[in-house]
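Here is model_34.txt, consisting of compact mmCIF, C-alpha atoms:
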# COMPACT_ATOMS: atom_id res chain seq x y z
CA MET A 557 -6.97 -15.63 64.20
CA SER A 558 -7.07 -11.94 63.35
CA ILE A 559 -7.23 -10.52 59.85
CA ARG A 560 -5.82 -7.26 58.53
CA ALA A 561 -7.96 -4.61 56.89
CA LEU A 562 -6.85 -1.41 55.17
CA ILE A 563 -9.16 1.61 54.88
CA VAL A 564 -7.99 4.18 52.32
CA GLU A 565 -10.11 7.33 52.72
CA ASP A 566 -9.13 11.00 52.90
CA ASN A 567 -12.10 12.04 55.05
CA ALA A 568 -11.58 11.20 58.74
CA VAL A 569 -15.31 10.92 59.49
CA ALA A 570 -15.82 8.57 56.53
CA ARG A 571 -12.80 6.48 57.62
CA SER A 572 -14.29 6.04 61.08
CA PHE A 573 -17.68 5.17 59.61
CA LEU A 574 -16.24 2.55 57.23
CA THR A 575 -14.20 1.06 60.08
CA ARG A 576 -17.44 0.60 62.03
CA VAL A 577 -19.05 -1.03 58.98
CA VAL A 578 -16.19 -3.53 58.65
CA ARG A 579 -16.13 -4.28 62.38
CA GLU A 580 -19.89 -4.91 62.42
CA SER A 581 -19.72 -7.15 59.34
CA PHE A 582 -17.43 -9.86 60.71
CA SER A 583 -16.97 -11.88 63.86
CA ASP A 584 -13.20 -12.16 63.30
CA GLU A 585 -10.74 -10.04 65.24
CA ILE A 586 -9.68 -7.31 62.80
CA ARG A 587 -6.48 -5.28 62.85
CA PHE A 588 -7.13 -2.01 61.08
CA SER A 589 -4.71 0.19 59.21
CA GLU A 590 -5.82 3.57 57.85
CA ALA A 591 -4.44 5.75 55.08
CA SER A 592 -5.60 9.25 54.21
CA ASP A 593 -3.85 9.44 50.83
CA LEU A 594 -2.15 7.40 48.14
CA GLU A 595 1.38 7.74 49.52
CA SER A 596 0.31 6.61 53.00
CA ALA A 597 -1.45 3.60 51.49
CA ARG A 598 1.61 2.71 49.43
CA ALA A 599 3.81 2.92 52.53
CA LEU A 600 1.53 0.50 54.40
CA LEU A 601 1.58 -1.88 51.43
CA GLY A 602 5.35 -1.55 51.00
CA VAL A 603 5.09 -0.48 47.36
CA SER A 604 6.37 2.45 45.34
CA ALA A 605 4.73 4.31 42.47
CA GLY A 606 4.60 2.18 39.33
CA GLU A 607 5.12 -1.12 41.19
CA MET A 608 2.56 -3.89 41.61
CA ALA A 609 1.79 -4.64 45.25
CA ARG A 610 2.74 -8.06 46.60
CA ALA A 611 1.46 -9.60 49.83
CA ASP A 612 3.52 -11.32 52.49
CA ALA A 613 2.23 -13.93 54.95
CA ASP A 614 0.67 -11.21 57.10
CA GLY A 615 -0.77 -9.17 54.23
CA PHE A 616 -4.10 -7.40 54.16
CA ARG A 617 -7.15 -9.58 53.58
CA LEU A 618 -9.59 -6.72 53.00
CA ILE A 619 -8.94 -3.33 51.37
CA LEU A 620 -11.48 -0.52 51.04
CA CYS A 621 -10.35 2.19 48.64
CA ASP A 622 -12.02 5.60 48.21
CA LEU A 623 -12.57 6.65 44.58
CA GLU A 624 -13.04 10.36 45.34
CA GLN A 625 -9.39 11.04 46.09
CA PRO A 626 -7.67 13.76 44.03
CA ASP A 627 -6.06 12.92 40.67
CA LYS A 628 -7.65 9.47 40.45
CA ALA A 629 -5.45 8.26 43.31
CA GLY A 630 -8.00 5.62 44.32
CA LEU A 631 -8.02 4.09 40.84
CA GLU A 632 -4.24 4.25 40.71
CA LEU A 633 -4.01 2.30 43.96
CA LEU A 634 -6.52 -0.31 42.78
CA ALA A 635 -4.46 -0.72 39.61
CA GLN A 636 -1.36 -1.41 41.71
CA LEU A 637 -3.35 -3.99 43.69
CA GLY A 638 -4.27 -5.97 40.57
CA ASP A 639 -2.58 -9.20 41.69
CA TYR A 640 -2.79 -8.59 45.43
CA PRO A 641 -4.63 -11.52 47.12
CA ALA A 642 -7.16 -9.50 49.09
CA ILE A 643 -10.81 -8.59 48.69
CA LYS A 644 -10.62 -5.11 47.16
CA ILE A 645 -13.67 -2.89 47.42
CA ALA A 646 -14.17 0.54 45.87
CA THR A 647 -16.01 3.02 48.08
CA THR A 648 -17.69 6.01 46.47
CA LEU A 649 -20.42 8.63 46.70
CA HIS A 650 -21.39 8.07 43.06
CA SER A 651 -23.58 5.20 41.88
CA ASP A 652 -23.22 5.79 38.13
CA ASP A 653 -21.28 3.37 35.97
CA GLU A 654 -18.94 6.14 34.76
CA HIS A 655 -17.35 6.19 38.22
CA LEU A 656 -17.68 2.52 39.13
CA PHE A 657 -16.79 0.68 35.93
CA PRO A 658 -13.13 1.85 35.84
CA ALA A 659 -12.72 0.50 39.39
CA LEU A 660 -13.93 -2.93 38.30
CA LEU A 661 -11.53 -2.83 35.34
CA CYS A 662 -8.75 -2.08 37.83
CA GLY A 663 -9.60 -5.22 39.78
CA ALA A 664 -12.12 -4.21 42.46
CA ASN A 665 -14.19 -7.16 43.68
CA GLY A 666 -17.20 -4.93 44.31
CA TYR A 667 -18.23 -1.50 45.47
CA LEU A 668 -19.95 0.23 48.40
CA LEU A 669 -21.93 3.47 48.17
CA LYS A 670 -20.88 5.54 51.18
CA GLU A 671 -24.20 7.36 51.43
CA ASP A 672 -26.14 4.12 52.01
CA ARG A 673 -27.43 3.43 55.50
CA PHE A 674 -25.10 1.70 57.96
CA GLU A 675 -27.09 -1.56 57.99
CA VAL A 676 -27.24 -1.61 54.18
CA LEU A 677 -23.46 -1.22 53.93
CA VAL A 678 -22.92 -4.05 56.43
CA GLU A 679 -25.16 -6.33 54.39
CA GLU A 680 -23.53 -5.34 51.07
CA LEU A 681 -20.03 -5.86 52.45
CA GLN A 682 -20.95 -9.30 53.75
CA ARG A 683 -22.42 -10.18 50.36
CA ILE A 684 -19.26 -9.10 48.51
CA VAL A 685 -17.06 -11.15 50.83
CA ARG A 686 -19.35 -14.16 50.25
CA GLY A 687 -18.86 -13.73 46.52
CA GLN A 688 -22.17 -11.98 45.80
CA PRO A 689 -21.10 -8.57 44.46
CA PRO A 690 -23.69 -5.93 43.51
CA LEU A 691 -24.52 -5.22 39.90
CA SER A 692 -26.85 -2.35 39.01
CA PRO A 693 -28.83 -2.23 35.72
CA ALA A 694 -26.50 0.50 34.39
CA MET A 695 -23.43 -1.56 35.30
CA ALA A 696 -24.90 -4.68 33.71
CA ARG A 697 -25.45 -2.75 30.47
CA ARG A 698 -21.88 -1.47 30.62
CA LEU A 699 -20.55 -5.00 31.09
CA LEU A 700 -22.57 -6.32 28.15
CA GLY A 701 -21.11 -3.61 25.93
CA HIS A 702 -17.60 -4.25 27.22
CA PHE A 703 -17.69 -7.97 26.44
CA ARG A 704 -19.26 -7.37 23.03
CA GLN A 705 -16.41 -5.00 22.23
CA HIS A 706 -13.76 -7.50 23.32
CA ASP A 707 -15.32 -10.60 21.79
CA SER A 708 -18.33 -10.64 19.50
CA ARG A 709 -18.80 -14.37 20.03
CA PHE A 710 -20.14 -15.98 23.21
CA ALA A 711 -18.43 -18.98 24.74
CA PRO A 712 -20.33 -22.30 24.61
CA LEU A 713 -22.97 -22.88 27.25
CA ASP A 714 -21.07 -25.88 28.60
CA ALA A 715 -17.69 -24.09 28.75
CA ALA A 716 -15.52 -26.25 30.97
CA ASP A 717 -13.69 -23.74 33.15
CA PRO A 718 -15.32 -20.31 33.49
CA GLY A 719 -12.28 -19.05 35.36
CA THR A 720 -10.08 -19.32 32.27
CA LEU A 721 -12.36 -17.60 29.76
CA ASP A 722 -12.54 -13.92 28.84
CA SER A 723 -15.88 -14.06 27.01
CA LEU A 724 -19.44 -14.61 28.26
CA ASN A 725 -21.26 -17.88 27.85
CA VAL A 726 -24.97 -17.93 27.05
CA ARG A 727 -26.14 -18.15 30.67
CA GLU A 728 -23.94 -15.29 31.82
CA HIS A 729 -25.17 -13.12 28.97
CA GLU A 730 -28.76 -13.97 29.90
CA VAL A 731 -28.19 -13.00 33.56
CA LEU A 732 -26.63 -9.68 32.56
CA ASN A 733 -29.45 -9.00 30.13
CA TYR A 734 -32.05 -9.50 32.87
CA LEU A 735 -30.04 -7.38 35.31
CA SER A 736 -29.77 -4.60 32.73
CA LYS A 737 -33.58 -4.49 32.61
CA GLY A 738 -33.90 -4.13 36.39
CA TYR A 739 -34.85 -7.69 37.36
CA THR A 740 -33.98 -8.86 40.88
CA ILE A 741 -31.86 -11.96 41.56
CA LYS A 742 -34.91 -14.00 42.56
CA GLU A 743 -36.87 -12.83 39.51
CA ILE A 744 -33.98 -13.83 37.26
CA ALA A 745 -33.79 -17.25 38.90
CA ARG A 746 -37.50 -17.79 38.30
CA HIS A 747 -37.32 -16.74 34.65
CA MET A 748 -34.25 -18.90 33.99
CA GLY A 749 -35.49 -21.89 35.97
CA ILE A 750 -32.44 -22.00 38.23
CA LYS A 751 -31.74 -21.35 41.90
CA TRP A 752 -30.97 -17.80 43.01
CA GLN A 753 -27.58 -18.99 44.26
CA ALA A 754 -26.77 -20.03 40.69
CA VAL A 755 -27.58 -16.50 39.49
CA ASN A 756 -25.09 -15.13 42.03
CA ASP A 757 -22.54 -17.68 40.81
CA HIS A 758 -22.94 -16.37 37.26
CA ILE A 759 -22.44 -12.77 38.46
CA ARG A 760 -19.31 -13.77 40.35
CA VAL A 761 -17.91 -15.44 37.23
CA VAL A 762 -18.67 -12.30 35.19
CA TYR A 763 -16.56 -10.27 37.63
CA ARG A 764 -13.77 -12.82 37.26
CA LYS A 765 -13.97 -12.75 33.47
CA LEU A 766 -13.89 -8.95 33.51
CA ALA A 767 -10.57 -9.15 35.33
CA LEU A 768 -9.27 -11.58 32.70
CA ALA A 769 -10.54 -9.50 29.78
CA SER A 770 -9.11 -6.17 30.98
CA THR A 771 -6.01 -4.63 32.50
CA PRO A 772 -5.48 -2.05 35.27
CA GLU A 773 -4.06 0.28 32.62
CA GLU A 774 -7.35 0.05 30.71
CA GLY A 775 -9.23 0.93 33.90
CA LEU A 776 -7.08 4.01 34.45
CA GLN A 777 -7.59 5.09 30.85
CA VAL A 778 -11.37 4.68 31.06
CA GLY A 779 -11.39 6.61 34.32
CA ARG A 780 -9.48 9.51 32.81
CA GLN A 781 -11.78 9.57 29.76
CA ALA A 782 -14.81 9.79 32.05
CA ASP A 783 -13.44 13.02 33.51
CA ALA A 784 -12.39 14.50 30.17
What do you get writing this file as structure tokens?
Amino acid sequence: MSIRALIVEDNAVARSFLTRVVRESFSDEIRFSEASDLESARALLGVSAGEMARADADGFRLILCDLEQPDKAGLELLAQLGDYPAIKIATTLHSDDEHLFPALLCGANGYLLKEDRFEVLVEELQRIVRGQPPLSPAMARRLLGHFRQHDSRFAPLDAADPGTLDSLNVREHEVLNYLSKGYTIKEIARHMGIKWQAVNDHIRVVYRKLALASTPEEGLQVGRQADA
């Protein structure tokens, strides 16, 4: 069975490159759609300005959205995709948290740095789809500050359902703290006495909690403040 992928990128060379990355990353048959600007992307999604996108039975399963589009169009599109049941990935030339954090607040499941080597992007995309999104030290520090601002108390260590909480439990805070200091996943696992897969599970839950603790409107506001 084929899956649908949408590449939103205003540079034709970059669009072609990202299409190759997606094709190389999966064995599935992929039907690609491409959009060079916000209006073209909205037309493909069947949504107007100010509306939240909704998927039909043949909706997109994977969406790559460029953050360097004029007037924060990439962020605006991610905000409209808040409830859309696809893997949404921000693509960017900038690795700093000022550019990437607003995209996560808008609901991105991860990010790709377009200047990385082809094989690195293939590996990173596969990891995001498997539920192992990247998290740089700067981004980890930003997340710690964000959750402290929203809730000064941590959830109990044995919190029953991490998918329903909007605050960090002790383990998640510990993982972010190690990440913020530059530790690798395997180093964190060794220090915490857990498997490296469990560390990735904690990171995935942090992404989920970020979505619960924020709104697309907040992401747009933070993005505009970063450019002010």
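Of the listed residues A:Val731, A:Arg610, A:Arg576, A:Leu601, the one whose atoms come nearest to Arg746 of chain A is A:Val731, with distances taken using all atoms listed in the file.
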Problem set entry | Near-Ser604 of chain A list (12 Å; only C-alpha atoms; drop same-chain fewer than 6 positions) as a PyMOL selection string | chain A and resi 594-598+610+632-633+636-637
For this session: For atom CA of Pro690 of chain A and atom CA of Leu600 of chain A, quote the distance in Å rounded to one decimal.
Result: 28.2 Å
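Taking atom CA of Cys621 of chain A and atom CA of Ala646 of chain A as endpoints, the distance between them is 5.0 Å.
You will find atom CA of Arg571 of chain A at 9.5 Å from atom CA of Asp622 of chain A.
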For this session: Give me the residues within 8 Å of Leu618 of chain A as a ChimeraX atom specification, counting only C-alpha atoms and dropping any in the same chain fewer than 6 places off.
Result: /A:560-562,642-645
Exercise. Can you list, as a PyMOL selection string, every protein, DNA or RNA residue that comes within 9 Å of segment 697-705 of chain A when you count only C-alpha atoms, leaving out same-chain residues fewer than 3 positions away?
Worked result: chain A and resi 653+657+692-694+708-710+722-724+729+732-733+735-737+762+766+769
For this session: Would you kindly return, as a PyMOL selection string, each protein, DNA or RNA residue with an atom no farther than 9 Å from any atom of Gly687 of chain A, considering all atoms listed in the file and excluding same-chain residues fewer than 4 positions away?
Result: chain A and resi 665+682-683+756-757+759-760
For those residues, write C-alpha atoms to a file as a PDB file, keeping the file's coordinate frame.
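After the write, result27.pdb holds the following:
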ATOM      1  CA  ASN A 665     -14.190  -7.160  43.680  1.00  0.00           C
ATOM      2  CA  GLN A 682     -20.950  -9.300  53.750  1.00  0.00           C
ATOM      3  CA  ARG A 683     -22.420 -10.180  50.360  1.00  0.00           C
ATOM      4  CA  ASN A 756     -25.090 -15.130  42.030  1.00  0.00           C
ATOM      5  CA  ASP A 757     -22.540 -17.680  40.810  1.00  0.00           C
ATOM      6  CA  ILE A 759     -22.440 -12.770  38.460  1.00  0.00           C
ATOM      7  CA  ARG A 760     -19.310 -13.770  40.350  1.00  0.00           C
TER       8      ARG A 760
END
Problem set entry | Polymer residues at most 12 Å from Gly638 of chain A, all atoms listed in the file, same-chain spacing of 5 or more positions, as a VMD selection string | chain A and resid 607 to 611 631 to 633 643 to 644 659 to 665 767 to 768 770 to 775
Output file for the selection above: C-alpha atoms, as a PDB file, in the frame of the given file:
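Heads up, here's the output in selection32.pdb:
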ATOM      1  CA  GLU A 607       5.120  -1.120  41.190  1.00  0.00           C
ATOM      2  CA  MET A 608       2.560  -3.890  41.610  1.00  0.00           C
ATOM      3  CA  ALA A 609       1.790  -4.640  45.250  1.00  0.00           C
ATOM      4  CA  ARG A 610       2.740  -8.060  46.600  1.00  0.00           C
ATOM      5  CA  ALA A 611       1.460  -9.600  49.830  1.00  0.00           C
ATOM      6  CA  LEU A 631      -8.020   4.090  40.840  1.00  0.00           C
ATOM      7  CA  GLU A 632      -4.240   4.250  40.710  1.00  0.00           C
ATOM      8  CA  LEU A 633      -4.010   2.300  43.960  1.00  0.00           C
ATOM      9  CA  ILE A 643     -10.810  -8.590  48.690  1.00  0.00           C
ATOM     10  CA  LYS A 644     -10.620  -5.110  47.160  1.00  0.00           C
ATOM     11  CA  ALA A 659     -12.720   0.500  39.390  1.00  0.00           C
ATOM     12  CA  LEU A 660     -13.930  -2.930  38.300  1.00  0.00           C
ATOM     13  CA  LEU A 661     -11.530  -2.830  35.340  1.00  0.00           C
ATOM     14  CA  CYS A 662      -8.750  -2.080  37.830  1.00  0.00           C
ATOM     15  CA  GLY A 663      -9.600  -5.220  39.780  1.00  0.00           C
ATOM     16  CA  ALA A 664     -12.120  -4.210  42.460  1.00  0.00           C
ATOM     17  CA  ASN A 665     -14.190  -7.160  43.680  1.00  0.00           C
ATOM     18  CA  ALA A 767     -10.570  -9.150  35.330  1.00  0.00           C
ATOM     19  CA  LEU A 768      -9.270 -11.580  32.700  1.00  0.00           C
ATOM     20  CA  SER A 770      -9.110  -6.170  30.980  1.00  0.00           C
ATOM     21  CA  THR A 771      -6.010  -4.630  32.500  1.00  0.00           C
ATOM     22  CA  PRO A 772      -5.480  -2.050  35.270  1.00  0.00           C
ATOM     23  CA  GLU A 773      -4.060   0.280  32.620  1.00  0.00           C
ATOM     24  CA  GLU A 774      -7.350   0.050  30.710  1.00  0.00           C
ATOM     25  CA  GLY A 775      -9.230   0.930  33.900  1.00  0.00           C
TER      26      GLY A 775
END
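Using only C-alpha atoms, the shortest contact distance between Leu776 of chain A and any of A:His758, A:His655, A:Arg617, A:His747 is found at A:His655.
The residue that comes closest to Ile619 of chain A, out of A:Val578, A:Ser589, A:Thr647, A:Ile563 and on the basis of all atoms listed in the file, is A:Ile563.
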Seminar exercise, completed: Across A:Val569, A:Thr575, A:Ser581, A:His650, the smallest distance to Glu679 of chain A, with only C-alpha atoms counted, is shown by A:Ser581
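The smallest atom-to-atom distance between Tyr667 of chain A and any of A:Met748, A:Asp627, A:Ala696, A:Leu620, using all atoms listed in the file, is found for A:Leu620.
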Please complete segment 597-619 of chain A with N, CA, C and O atoms and give it back as a CSV table (one decimal), keeping the file's coordinate frame.
chain,number,residue,atom,x,y,z
A,597,ALA,N,-1.0,5.0,51.8
A,597,ALA,CA,-1.4,3.6,51.5
A,597,ALA,C,-0.3,2.8,50.9
A,597,ALA,O,-0.1,1.6,51.3
A,598,ARG,N,0.5,3.4,50.0
A,598,ARG,CA,1.6,2.7,49.4
A,598,ARG,C,2.6,2.3,50.5
A,598,ARG,O,3.2,1.2,50.5
A,599,ALA,N,2.9,3.2,51.5
A,599,ALA,CA,3.8,2.9,52.5
A,599,ALA,C,3.3,1.7,53.3
A,599,ALA,O,4.2,0.8,53.7
A,600,LEU,N,2.1,1.6,53.6
A,600,LEU,CA,1.5,0.5,54.4
A,600,LEU,C,1.6,-0.8,53.6
A,600,LEU,O,1.8,-1.9,54.2
A,601,LEU,N,1.5,-0.7,52.3
A,601,LEU,CA,1.6,-1.9,51.4
A,601,LEU,C,3.0,-2.2,51.0
A,601,LEU,O,3.3,-3.3,50.4
A,602,GLY,N,4.0,-1.3,51.3
A,602,GLY,CA,5.4,-1.6,51.0
A,602,GLY,C,5.6,-1.5,49.5
A,602,GLY,O,6.4,-2.3,49.0
A,603,VAL,N,5.0,-0.6,48.8
A,603,VAL,CA,5.1,-0.5,47.4
A,603,VAL,C,5.4,1.0,47.0
A,603,VAL,O,4.9,1.9,47.6
A,604,SER,N,6.1,1.1,45.9
A,604,SER,CA,6.4,2.4,45.3
A,604,SER,C,5.5,2.7,44.1
A,604,SER,O,4.9,1.8,43.6
A,605,ALA,N,5.5,3.9,43.7
A,605,ALA,CA,4.7,4.3,42.5
A,605,ALA,C,5.2,3.5,41.3
A,605,ALA,O,6.4,3.3,41.1
A,606,GLY,N,4.3,2.9,40.5
A,606,GLY,CA,4.6,2.2,39.3
A,606,GLY,C,4.9,0.7,39.6
A,606,GLY,O,5.0,-0.1,38.6
A,607,GLU,N,4.9,0.3,40.9
A,607,GLU,CA,5.1,-1.1,41.2
A,607,GLU,C,3.8,-1.8,41.5
A,607,GLU,O,2.8,-1.2,42.0
A,608,MET,N,3.7,-3.1,41.2
A,608,MET,CA,2.6,-3.9,41.6
A,608,MET,C,2.7,-4.4,43.0
A,608,MET,O,3.8,-4.9,43.4
A,609,ALA,N,1.7,-4.2,43.8
A,609,ALA,CA,1.8,-4.6,45.2
A,609,ALA,C,1.8,-6.2,45.4
A,609,ALA,O,1.2,-6.9,44.6
A,610,ARG,N,2.6,-6.6,46.3
A,610,ARG,CA,2.7,-8.1,46.6
A,610,ARG,C,2.5,-8.3,48.1
A,610,ARG,O,3.0,-7.5,48.9
A,611,ALA,N,1.8,-9.3,48.4
A,611,ALA,CA,1.5,-9.6,49.8
A,611,ALA,C,2.5,-10.6,50.5
A,611,ALA,O,2.9,-11.5,49.8
A,612,ASP,N,2.8,-10.3,51.7
A,612,ASP,CA,3.5,-11.3,52.5
A,612,ASP,C,2.5,-12.2,53.3
A,612,ASP,O,1.3,-12.1,53.1
A,613,ALA,N,3.1,-13.0,54.2
A,613,ALA,CA,2.2,-13.9,55.0
A,613,ALA,C,1.2,-13.2,55.8
A,613,ALA,O,0.2,-13.7,56.1
A,614,ASP,N,1.6,-12.0,56.2
A,614,ASP,CA,0.7,-11.2,57.1
A,614,ASP,C,0.0,-10.0,56.3
A,614,ASP,O,-0.2,-9.0,56.9
A,615,GLY,N,-0.2,-10.2,55.1
A,615,GLY,CA,-0.8,-9.2,54.2
A,615,GLY,C,-2.2,-8.9,54.6
A,615,GLY,O,-2.9,-9.6,55.3
A,616,PHE,N,-2.7,-7.8,54.0
A,616,PHE,CA,-4.1,-7.4,54.2
A,616,PHE,C,-5.0,-8.4,53.5
A,616,PHE,O,-4.8,-8.8,52.4
A,617,ARG,N,-6.1,-8.7,54.2
A,617,ARG,CA,-7.2,-9.6,53.6
A,617,ARG,C,-8.3,-8.8,53.0
A,617,ARG,O,-9.0,-9.3,52.1
A,618,LEU,N,-8.5,-7.6,53.5
A,618,LEU,CA,-9.6,-6.7,53.0
A,618,LEU,C,-9.1,-5.3,52.8
A,618,LEU,O,-8.4,-4.7,53.7
A,619,ILE,N,-9.4,-4.7,51.6
A,619,ILE,CA,-8.9,-3.3,51.4
A,619,ILE,C,-10.1,-2.5,50.8
A,619,ILE,O,-10.7,-2.9,49.8
